[in-house]
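Everything below concerns the one structure shown next.
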Amino acid sequence: MAEGVEYVFGIPGEETIRFVDALKGSGIRYVMVRHEQAASFMAEIYGRLTSRAGVCSAALGPGAILAGHGVRVAYSE
C-alpha cells in the first residue's frame, strides 16, 4: 500500500499461495486471471491507464516465462 499498489493480477498456485494469502486484509485486491501472459498485460494496461504500479504474479518456470512476454512489451514502449 505504501507504493500505491491496489491490484495484483495473477494465478494462485503452489509457489504463490502464501503470497496470495498475505494479501488478505492488506487492502490490495488479487485479481485471478486464466493465463500468466494475461496477468502481465493486464498489469501493464492498468499501469498505463492509472499511472500507478501495475503488478502481476506468476508461478515458477513456465508461468514466469509466459508472464515475461507482457513485461517485455511494457518495457519496450
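How things are named: the first chain in the C-alpha cells is A, the next is B, and so on; residues count from 1 in each chain; ligands count from 1 in the order shown.
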Fewer than 5 positions away in the same chain doesn't count, so skip those; otherwise give me all residues within 9 Å of region 12-14 of chain A, counting only C-alpha atoms, as a list in words.
-> Phe19, Val20, Met32, Ser57, Ala58 and Ala59 of chain A
Quick one: everything within 8 Å of Gly27 (chain A), counting only C-alpha atoms, minus sequence neighbours fewer than 2 positions away in the same chain. Send it as number ranges by chain.
-> A: 1, 6, 23-25, 29
Please write the residues from the selection above to a file, keeping N, CA and C atoms, as a PDB file, in the first residue's frame.
```pdb
ATOM      1  N   MET A   1       0.815  -1.192   0.000  1.00  0.00           N
ATOM      2  CA  MET A   1       0.000   0.000   0.000  1.00  0.00           C
ATOM      3  C   MET A   1       0.863   1.262   0.000  1.00  0.00           C
ATOM      4  N   GLU A   6      -2.826  -1.207  -5.715  1.00  0.00           N
ATOM      5  CA  GLU A   6      -4.209  -1.530  -5.389  1.00  0.00           C
ATOM      6  C   GLU A   6      -4.590  -2.923  -5.864  1.00  0.00           C
ATOM      7  N   LEU A  23      -2.009 -11.183   1.052  1.00  0.00           N
ATOM      8  CA  LEU A  23      -2.713 -10.002   0.555  1.00  0.00           C
ATOM      9  C   LEU A  23      -4.058  -9.793   1.234  1.00  0.00           C
ATOM     10  N   LYS A  24      -4.604 -10.860   1.816  1.00  0.00           N
ATOM     11  CA  LYS A  24      -5.891 -10.726   2.508  1.00  0.00           C
ATOM     12  C   LYS A  24      -5.756  -9.746   3.668  1.00  0.00           C
ATOM     13  N   GLY A  25      -6.640  -8.802   3.711  1.00  0.00           N
ATOM     14  CA  GLY A  25      -6.622  -7.815   4.780  1.00  0.00           C
ATOM     15  C   GLY A  25      -5.619  -6.697   4.579  1.00  0.00           C
ATOM     16  N   ARG A  29      -6.117  -5.893  -3.717  1.00  0.00           N
ATOM     17  CA  ARG A  29      -7.029  -6.900  -4.276  1.00  0.00           C
ATOM     18  C   ARG A  29      -6.295  -7.791  -5.263  1.00  0.00           C
TER      19      ARG A  29
END
```
Output as a VMD selection string all residues of chain A that backbone DSSP marks as strand (DSSP E or B).
-> chain A and resid 7 to 10 29 to 32 55 to 57
Write the residues of the preceding selection, restricted to C-alpha atoms, as a PDB file, in the first residue's frame.
```
ATOM      1  CA  TYR A   7      -4.321  -4.685  -7.542  1.00  0.00           C
ATOM      2  CA  VAL A   8      -2.173  -7.732  -8.241  1.00  0.00           C
ATOM      3  CA  PHE A   9      -3.049  -9.759 -11.338  1.00  0.00           C
ATOM      4  CA  GLY A  10      -2.123 -13.426 -11.424  1.00  0.00           C
ATOM      5  CA  ARG A  29      -7.029  -6.900  -4.276  1.00  0.00           C
ATOM      6  CA  TYR A  30      -5.858 -10.073  -6.013  1.00  0.00           C
ATOM      7  CA  VAL A  31      -7.414 -10.444  -9.471  1.00  0.00           C
ATOM      8  CA  MET A  32      -7.311 -14.021 -10.736  1.00  0.00           C
ATOM      9  CA  VAL A  55       1.760  -5.687 -10.534  1.00  0.00           C
ATOM     10  CA  CYS A  56       1.449  -9.286 -11.663  1.00  0.00           C
ATOM     11  CA  SER A  57       2.415 -12.575 -10.061  1.00  0.00           C
TER      12      SER A  57
END
```
Per-residue DSSP, chain A, filtered to alpha helix (DSSP H), as a PyMOL selection string | chain A and resi 17-23+36-50+62-76
Could you save those same residues with N, CA and C atoms as a JSON list (two decimals), in the first residue's frame?
```
[["chain", "number", "residue", "atom", "x", "y", "z"],
["A", 17, "ILE", "N", 0.85, -19.31, -3.22],
["A", 17, "ILE", "CA", -0.32, -19.32, -2.35],
["A", 17, "ILE", "C", -0.10, -18.53, -1.06],
["A", 18, "ARG", "N", 1.10, -18.55, -0.52],
["A", 18, "ARG", "CA", 1.37, -17.77, 0.71],
["A", 18, "ARG", "C", 1.33, -16.27, 0.41],
["A", 19, "PHE", "N", 1.80, -15.90, -0.77],
["A", 19, "PHE", "CA", 1.74, -14.50, -1.20],
["A", 19, "PHE", "C", 0.28, -14.04, -1.32],
["A", 20, "VAL", "N", -0.54, -14.86, -1.96],
["A", 20, "VAL", "CA", -1.96, -14.53, -2.13],
["A", 20, "VAL", "C", -2.64, -14.43, -0.77],
["A", 21, "ASP", "N", -2.33, -15.35, 0.12],
["A", 21, "ASP", "CA", -2.90, -15.31, 1.47],
["A", 21, "ASP", "C", -2.48, -14.04, 2.22],
["A", 22, "ALA", "N", -1.24, -13.62, 2.02],
["A", 22, "ALA", "CA", -0.73, -12.44, 2.71],
["A", 22, "ALA", "C", -1.44, -11.17, 2.25],
["A", 23, "LEU", "N", -2.01, -11.18, 1.05],
["A", 23, "LEU", "CA", -2.71, -10.00, 0.55],
["A", 23, "LEU", "C", -4.06, -9.79, 1.23],
["A", 36, "GLU", "N", -0.97, -16.52, -17.32],
["A", 36, "GLU", "CA", 0.05, -15.60, -16.80],
["A", 36, "GLU", "C", 0.33, -14.45, -17.76],
["A", 37, "GLN", "N", 0.27, -14.72, -19.05],
["A", 37, "GLN", "CA", 0.50, -13.66, -20.02],
["A", 37, "GLN", "C", -0.60, -12.61, -19.91],
["A", 38, "ALA", "N", -1.82, -13.05, -19.69],
["A", 38, "ALA", "CA", -2.92, -12.11, -19.49],
["A", 38, "ALA", "C", -2.68, -11.26, -18.25],
["A", 39, "ALA", "N", -2.15, -11.86, -17.20],
["A", 39, "ALA", "CA", -1.86, -11.12, -15.96],
["A", 39, "ALA", "C", -0.86, -10.00, -16.23],
["A", 40, "SER", "N", 0.18, -10.31, -16.98],
["A", 40, "SER", "CA", 1.20, -9.29, -17.23],
["A", 40, "SER", "C", 0.67, -8.18, -18.13],
["A", 41, "PHE", "N", -0.15, -8.53, -19.12],
["A", 41, "PHE", "CA", -0.74, -7.49, -19.97],
["A", 41, "PHE", "C", -1.75, -6.65, -19.20],
["A", 42, "MET", "N", -2.51, -7.27, -18.31],
["A", 42, "MET", "CA", -3.46, -6.51, -17.50],
["A", 42, "MET", "C", -2.73, -5.54, -16.57],
["A", 43, "ALA", "N", -1.64, -5.99, -15.99],
["A", 43, "ALA", "CA", -0.85, -5.11, -15.13],
["A", 43, "ALA", "C", -0.26, -3.95, -15.92],
["A", 44, "GLU", "N", 0.19, -4.25, -17.14],
["A", 44, "GLU", "CA", 0.75, -3.19, -17.99],
["A", 44, "GLU", "C", -0.30, -2.14, -18.33],
["A", 45, "ILE", "N", -1.46, -2.59, -18.77],
["A", 45, "ILE", "CA", -2.52, -1.66, -19.15],
["A", 45, "ILE", "C", -3.02, -0.88, -17.93],
["A", 46, "TYR", "N", -3.15, -1.55, -16.80],
["A", 46, "TYR", "CA", -3.55, -0.85, -15.58],
["A", 46, "TYR", "C", -2.56, 0.27, -15.25],
["A", 47, "GLY", "N", -1.28, -0.04, -15.36],
["A", 47, "GLY", "CA", -0.26, 0.97, -15.09],
["A", 47, "GLY", "C", -0.32, 2.14, -16.05],
["A", 48, "ARG", "N", -0.54, 1.85, -17.32],
["A", 48, "ARG", "CA", -0.62, 2.92, -18.32],
["A", 48, "ARG", "C", -1.85, 3.81, -18.10],
["A", 49, "LEU", "N", -2.97, 3.20, -17.77],
["A", 49, "LEU", "CA", -4.21, 3.97, -17.62],
["A", 49, "LEU", "C", -4.28, 4.76, -16.33],
["A", 50, "THR", "N", -3.62, 4.29, -15.29],
["A", 50, "THR", "CA", -3.74, 4.93, -13.98],
["A", 50, "THR", "C", -2.47, 5.65, -13.52],
["A", 62, "PRO", "N", 7.40, -22.20, -16.27],
["A", 62, "PRO", "CA", 6.62, -21.77, -17.43],
["A", 62, "PRO", "C", 5.74, -20.56, -17.14],
["A", 63, "GLY", "N", 5.20, -20.46, -15.93],
["A", 63, "GLY", "CA", 4.37, -19.31, -15.58],
["A", 63, "GLY", "C", 5.14, -18.00, -15.68],
["A", 64, "ALA", "N", 6.36, -18.01, -15.18],
["A", 64, "ALA", "CA", 7.20, -16.82, -15.24],
["A", 64, "ALA", "C", 7.59, -16.49, -16.68],
["A", 65, "ILE", "N", 7.85, -17.51, -17.47],
["A", 65, "ILE", "CA", 8.20, -17.28, -18.88],
["A", 65, "ILE", "C", 7.01, -16.65, -19.61],
["A", 66, "LEU", "N", 5.82, -17.18, -19.38],
["A", 66, "LEU", "CA", 4.64, -16.63, -20.03],
["A", 66, "LEU", "C", 4.37, -15.19, -19.59],
["A", 67, "ALA", "N", 4.56, -14.89, -18.32],
["A", 67, "ALA", "CA", 4.37, -13.52, -17.84],
["A", 67, "ALA", "C", 5.42, -12.58, -18.41],
["A", 68, "GLY", "N", 6.57, -13.11, -18.74],
["A", 68, "GLY", "CA", 7.65, -12.30, -19.28],
["A", 68, "GLY", "C", 7.31, -11.61, -20.59],
["A", 69, "HIS", "N", 6.41, -12.17, -21.37],
["A", 69, "HIS", "CA", 6.04, -11.54, -22.64],
["A", 69, "HIS", "C", 5.40, -10.18, -22.40],
["A", 70, "GLY", "N", 4.49, -10.10, -21.47],
["A", 70, "GLY", "CA", 3.85, -8.82, -21.17],
["A", 70, "GLY", "C", 4.81, -7.83, -20.55],
["A", 71, "VAL", "N", 5.71, -8.34, -19.72],
["A", 71, "VAL", "CA", 6.71, -7.46, -19.09],
["A", 71, "VAL", "C", 7.62, -6.87, -20.17],
["A", 72, "ARG", "N", 8.02, -7.70, -21.14],
["A", 72, "ARG", "CA", 8.86, -7.21, -22.24],
["A", 72, "ARG", "C", 8.16, -6.12, -23.02],
["A", 73, "VAL", "N", 6.89, -6.30, -23.32],
["A", 73, "VAL", "CA", 6.12, -5.30, -24.05],
["A", 73, "VAL", "C", 6.05, -4.00, -23.25],
["A", 74, "ALA", "N", 5.84, -4.12, -21.95],
["A", 74, "ALA", "CA", 5.75, -2.93, -21.10],
["A", 74, "ALA", "C", 7.05, -2.13, -21.14],
["A", 75, "TYR", "N", 8.19, -2.80, -21.16],
["A", 75, "TYR", "CA", 9.48, -2.12, -21.18],
["A", 75, "TYR", "C", 9.86, -1.62, -22.57],
["A", 76, "SER", "N", 9.27, -2.19, -23.62],
["A", 76, "SER", "CA", 9.67, -1.82, -24.97],
["A", 76, "SER", "C", 9.02, -0.54, -25.47]]
```
Among the residues A:Ile11, A:Val5, A:Thr16, A:Ser51, the one that comes closest to Ile28 (chain A) [using only C-alpha atoms] = A:Val5
Please identify all polymer residues within 10 Å of Gly4 (chain A), counting only C-alpha atoms, omitting same-chain residues fewer than 6 positions from it, and present them as number ranges by chain.
-> A: 28, 52-54
